[in-house]
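Below is one structure, written out as structure tokens; the observations come after it.
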Amino acid sequence: MMMIIRRKMGHQITALFPTCVYKFKAYSSSISVHGFTNTYLANLNEEIVVLGRNKDFPHEMKSLSTMTGTVLVQAGDPAMPSVEIENSLDEHRLEDTWKFYEQHMQIDGFPRKSVVNKLLVVFAESLDVLWLEKAFGMVERIFEKGKQNLLQKETLIYLSLSLAKVQLSVPASTVMRKLVEMELCPPVSAWSSTLAYMCQTGPGASLAAELILEIGYLFQDSRIDPRKKSNAHLLAMKPNTTAFNIALVGCLLFGIHRKAEQLLDMMPRVGVKLDSDLLIVMAHIYERNGRREELRKLQRYINNAHNLRDVQLQQYYNCLLSCHLKLGDLSSASKMVLEMLQKAKAARSSSAAALMVIDAIKNGGKSSCVLGSRSTSSHEESRGLEYDRATKITRLSYEDYLRDQNFVKLDSEAKEVLNTMLAKLQTQVELLTSEQGIILPTEKILVQLVKAYLEAGKTKDLAEFLIKVEREDFPVSSDDSMMVHVINSCIVLGWLDQAHDLLDEIVLAGFSVSSSPYSSLLKAYCHANRPGDVAALLRDARRAEIQLDSSSYQALFQSKVVQEDTQGALHLFKEMKMAKILKPAHQEFEKLVKGCEEGSEAKLMGKLLHEIEEGQRVDSGVHDWNNVIHFFSRKRLMQDAEKALKKMRSLGHTPNAQTFHSMITAYAAIGGNYTEVTELWGEMKSLASATPMKFDQELLDSVLYTFVRGGFFSRANEVVEMMERGKIFVDKYKYRTLFLKYHKTLYRGKTPKFQTEGQHRKREEALIFKRWVGLN
């Protein structure tokens, strides 16, 4: 009887006795039997009555007899659903494609390999976020079900690139990691372009650095023998100079400086060759981390490089100058600035030097005018102009991608994106500029040097520096000179003693000074009610034959009135009359200060005031101790590093993120020092609650890595909470992999009937973390 029923339907019906549940397979491509359905169901009920099962027949099947409309029944050809998916893809009906795919999944599971890959390719080609997310979801599900054999290497590389282009960095990196796990070994010329697009965002740059570290680890210290032909496909995946450049510049643009230094440590172990761009990128990383000795060692390579461009030299010396300031070495910084000014002055006054510059501009040769600088090429100028442009997304069809078997187009695309990123990095150079092959200090560095001298209380050294700058840059002192601006800035800030000392040094050096600094300082003394200093300044002004303006006399009058000095007031009146000062003079100082307050055209004084009031004070002591701790940590001399940290605290220096990062990464490399890391984590939490100190993604990531590896899940969950509260990116894929590597079998069985409160809490914390990384 059942065979008769199956012949009538024309497709499979599964009977599960005694409940008689039938499974129907329906497709939009199947035959419509609108009129046939009700008759068939009526006959079916009659046959079941004969079998004595009518009362047990499921309600769901009975309800089908009352349905109106079209019921679809599968056609005989089992390949029809896949054909429908392919047809809709060819016609670019992506919504229909997705419906057909979901129907296929509900009934027969995944389509055949060719259909799966074609669907992923079309979705990837669209460069539409919606369809790319669906494509990635497909790949995830395929891996969950263990059907990796459905995926092709070329398809996954192309999908990863498309995901990166639309800023879906996490999915892009996940697909790339899956390729490596499957040992499909994507060539570096292919995956470096994915890396380049990932580096357009902070999380993407962090993931790019992780990818380089993970892939580079496979090739460290010649683990893979290059002499064996069987290793050729593996060696093709090894990170090259372009890949490292992309990841490093991405780290620099988004402040991921310490992870960038980890990449630098890996480079010699992988055998990466240096190029001119990489040399300058290394300089930026050393500067950000305060590694002046490394910068100085790099200078030998800079001097020997024959293809460095003018802007690259400018960047290197900018980094070195910034590092001097960061470490509080004002003498070295001042020396560099003065050397640049001297060579620039010589170049301007020498016709031979001018001809050399012109020749360098025409021929692209090396100019020896200033610190070995070279003329700025039109290529560099155009690269600098690209800063405000978004990274151009190049559409590459899958057919073109397949035809390019050596991935030449992808390699070219990666280098083009890298050039745009390097142009953005160039715009961060603020301390130096370049004019016709001559490197010159900007007002920014002059302002920062003045600020540093004032904060260090080195007024005499500042005066000497300013005098030398005036001699190189301004032959005659004036009201618009740098020295006058600095004096006026000190007066505005209330640093009257420093202003007076600077004024004395300038006069002793033989520079002629106008009445403006004397007048403004005199009024400030009167306002502060410092008659002794007023008298001393008046003597200095008369000795220098400085004629004060009416506003100065007015301030002096008011001061004498406050002191009830009638004779002094009368004497001032006579002096004013003899000098024929009757009408108020033009008050230049008040006008200058008012202009700075109203935000008019910013001159040096305005910039200096802003830098001092808004800029953070640099604690060079912290940088010095950080370098000491970093040295010991790198050598794994942790007892010495701990002693240095203790000494640093005793001297009143507060450890910062860089301090903790050096210690924790060293402990993680040694392994097993979880008590020490827990103590540092406690100190970090105390600092975070008591001070405005912020801990960045790199530091918290290092702490989290150490706790997860050691199985300290209670602490790990604390770090996760802090990162999520601060909206800091976390690489869950990395921690899921780490958990499976070290704790795969942890708490997999049933909960024990008897366990202590501590064991219960430990288990719960581990399960919370396990759920967080997606291992339910």
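So you can find residues: chains in the structure tokens are A, B, ... in the order shown, residues in each start at 1, and ligands are numbered from 1 in order.
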
- Excluding Lys685 in chain A and any residue of its chain fewer than 3 positions from it, enumerate the residues within 12 Å of it, using only C-alpha atoms, and give them as a PyMOL selection string. chain A and resi 657+660+678-682+688-695+700+703+715+718-719+722

- List every residue of range 628-750 of chain A that DSSP, applied to the backbone, labels as alpha helix (DSSP H), and write the result as number ranges by chain. A: 628-634, 638-650, 657-670, 674-690, 697-710, 713-725, 732-743

- Task: Could you give me, as a ChimeraX atom specification, the residues within 12 Å of Met723 in chain A, counting only C-alpha atoms and dropping anything in the same chain fewer than 2 positions from it?
- Result: /A:694-701,703-704,716-721,725-731

- Query: Using only C-alpha atoms, which residues sit within 12 Å of Gly109 in chain A once same-chain residues fewer than 2 positions away are excluded, as a PyMOL selection string?
  - Reply: chain A and resi 81-82+100-107+111-113+116+138+141-142+145+147

Restricted to C-alpha atoms, what would the selected residues look like written as an mmCIF file, in the first residue's frame?
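Saved to result-v8.cif:
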data_model
loop_
_atom_site.group_PDB
_atom_site.id
_atom_site.type_symbol
_atom_site.label_atom_id
_atom_site.label_comp_id
_atom_site.auth_asym_id
_atom_site.auth_seq_id
_atom_site.Cartn_x
_atom_site.Cartn_y
_atom_site.Cartn_z
ATOM 1 C CA PRO A 81 17.887 23.229 -6.865
ATOM 2 C CA SER A 82 21.590 23.762 -7.607
ATOM 3 C CA PHE A 100 17.314 29.056 -2.970
ATOM 4 C CA TYR A 101 20.451 28.473 -0.941
ATOM 5 C CA GLU A 102 18.546 28.534 2.363
ATOM 6 C CA GLN A 103 15.962 26.111 0.987
ATOM 7 C CA HIS A 104 18.754 23.803 -0.132
ATOM 8 C CA MET A 105 20.334 23.961 3.321
ATOM 9 C CA GLN A 106 17.055 23.049 5.043
ATOM 10 C CA ILE A 107 16.580 19.914 2.982
ATOM 11 C CA PRO A 111 25.121 22.462 -2.439
ATOM 12 C CA ARG A 112 27.896 20.818 -4.406
ATOM 13 C CA LYS A 113 31.403 22.308 -4.355
ATOM 14 C CA VAL A 116 29.236 26.897 -3.174
ATOM 15 C CA MET A 138 28.471 30.560 4.840
ATOM 16 C CA ARG A 141 29.044 27.361 8.856
ATOM 17 C CA ILE A 142 31.025 25.196 6.451
ATOM 18 C CA LYS A 145 30.157 21.354 9.952
ATOM 19 C CA LYS A 147 32.977 20.531 5.237
#

- Would you kindly return, as an MDAnalysis selection string, each protein, DNA or RNA residue with an atom no farther than 7 Å from any atom of Thr241 in chain A, considering only C-alpha atoms and excluding same-chain residues fewer than 5 positions away? chainID A and resid 272:274

Pull C-alpha atoms from the residues just selected and write them as a PDB file, in the first residue's frame.
ATOM      1  CA  VAL A 272      63.362  40.444   5.745  1.00  0.00           C
ATOM      2  CA  LYS A 273      65.412  42.780   3.560  1.00  0.00           C
ATOM      3  CA  LEU A 274      65.537  46.480   4.389  1.00  0.00           C
TER       4      LEU A 274
END

Can you tell me which residues surround Asp329 in chain A at a distance of at most 12 Å, considering only C-alpha atoms, apart from same-chain residues fewer than 4 positions away, and format the answer as an mmCIF file with C-alpha atoms, in the first residue's frame?
data_model
loop_
_atom_site.group_PDB
_atom_site.id
_atom_site.type_symbol
_atom_site.label_atom_id
_atom_site.label_comp_id
_atom_site.auth_asym_id
_atom_site.auth_seq_id
_atom_site.Cartn_x
_atom_site.Cartn_y
_atom_site.Cartn_z
ATOM 1 C CA ARG A 292 67.095 56.883 20.977
ATOM 2 C CA LEU A 320 65.657 61.940 16.161
ATOM 3 C CA LEU A 321 64.822 65.505 17.210
ATOM 4 C CA SER A 322 61.545 64.409 18.801
ATOM 5 C CA CYS A 323 63.348 61.659 20.706
ATOM 6 C CA HIS A 324 65.836 64.185 22.135
ATOM 7 C CA LEU A 325 62.916 66.220 23.438
ATOM 8 C CA ALA A 333 67.995 69.051 20.371
ATOM 9 C CA SER A 334 69.257 72.647 20.395
ATOM 10 C CA LYS A 335 72.474 71.594 18.708
ATOM 11 C CA MET A 336 70.541 69.939 15.874
ATOM 12 C CA LEU A 449 62.237 73.711 22.921
ATOM 13 C CA ALA A 452 61.049 72.501 27.686
ATOM 14 C CA TYR A 453 63.710 75.010 28.773
ATOM 15 C CA ALA A 456 63.207 72.712 33.370
ATOM 16 C CA VAL A 618 56.945 65.558 29.396
ATOM 17 C CA ASP A 619 58.434 63.467 32.199
ATOM 18 C CA SER A 620 61.798 62.488 30.741
ATOM 19 C CA GLY A 621 62.562 60.439 33.858
ATOM 20 C CA HIS A 623 61.172 57.531 29.499
ATOM 21 C CA ASP A 624 64.671 56.907 30.867
#
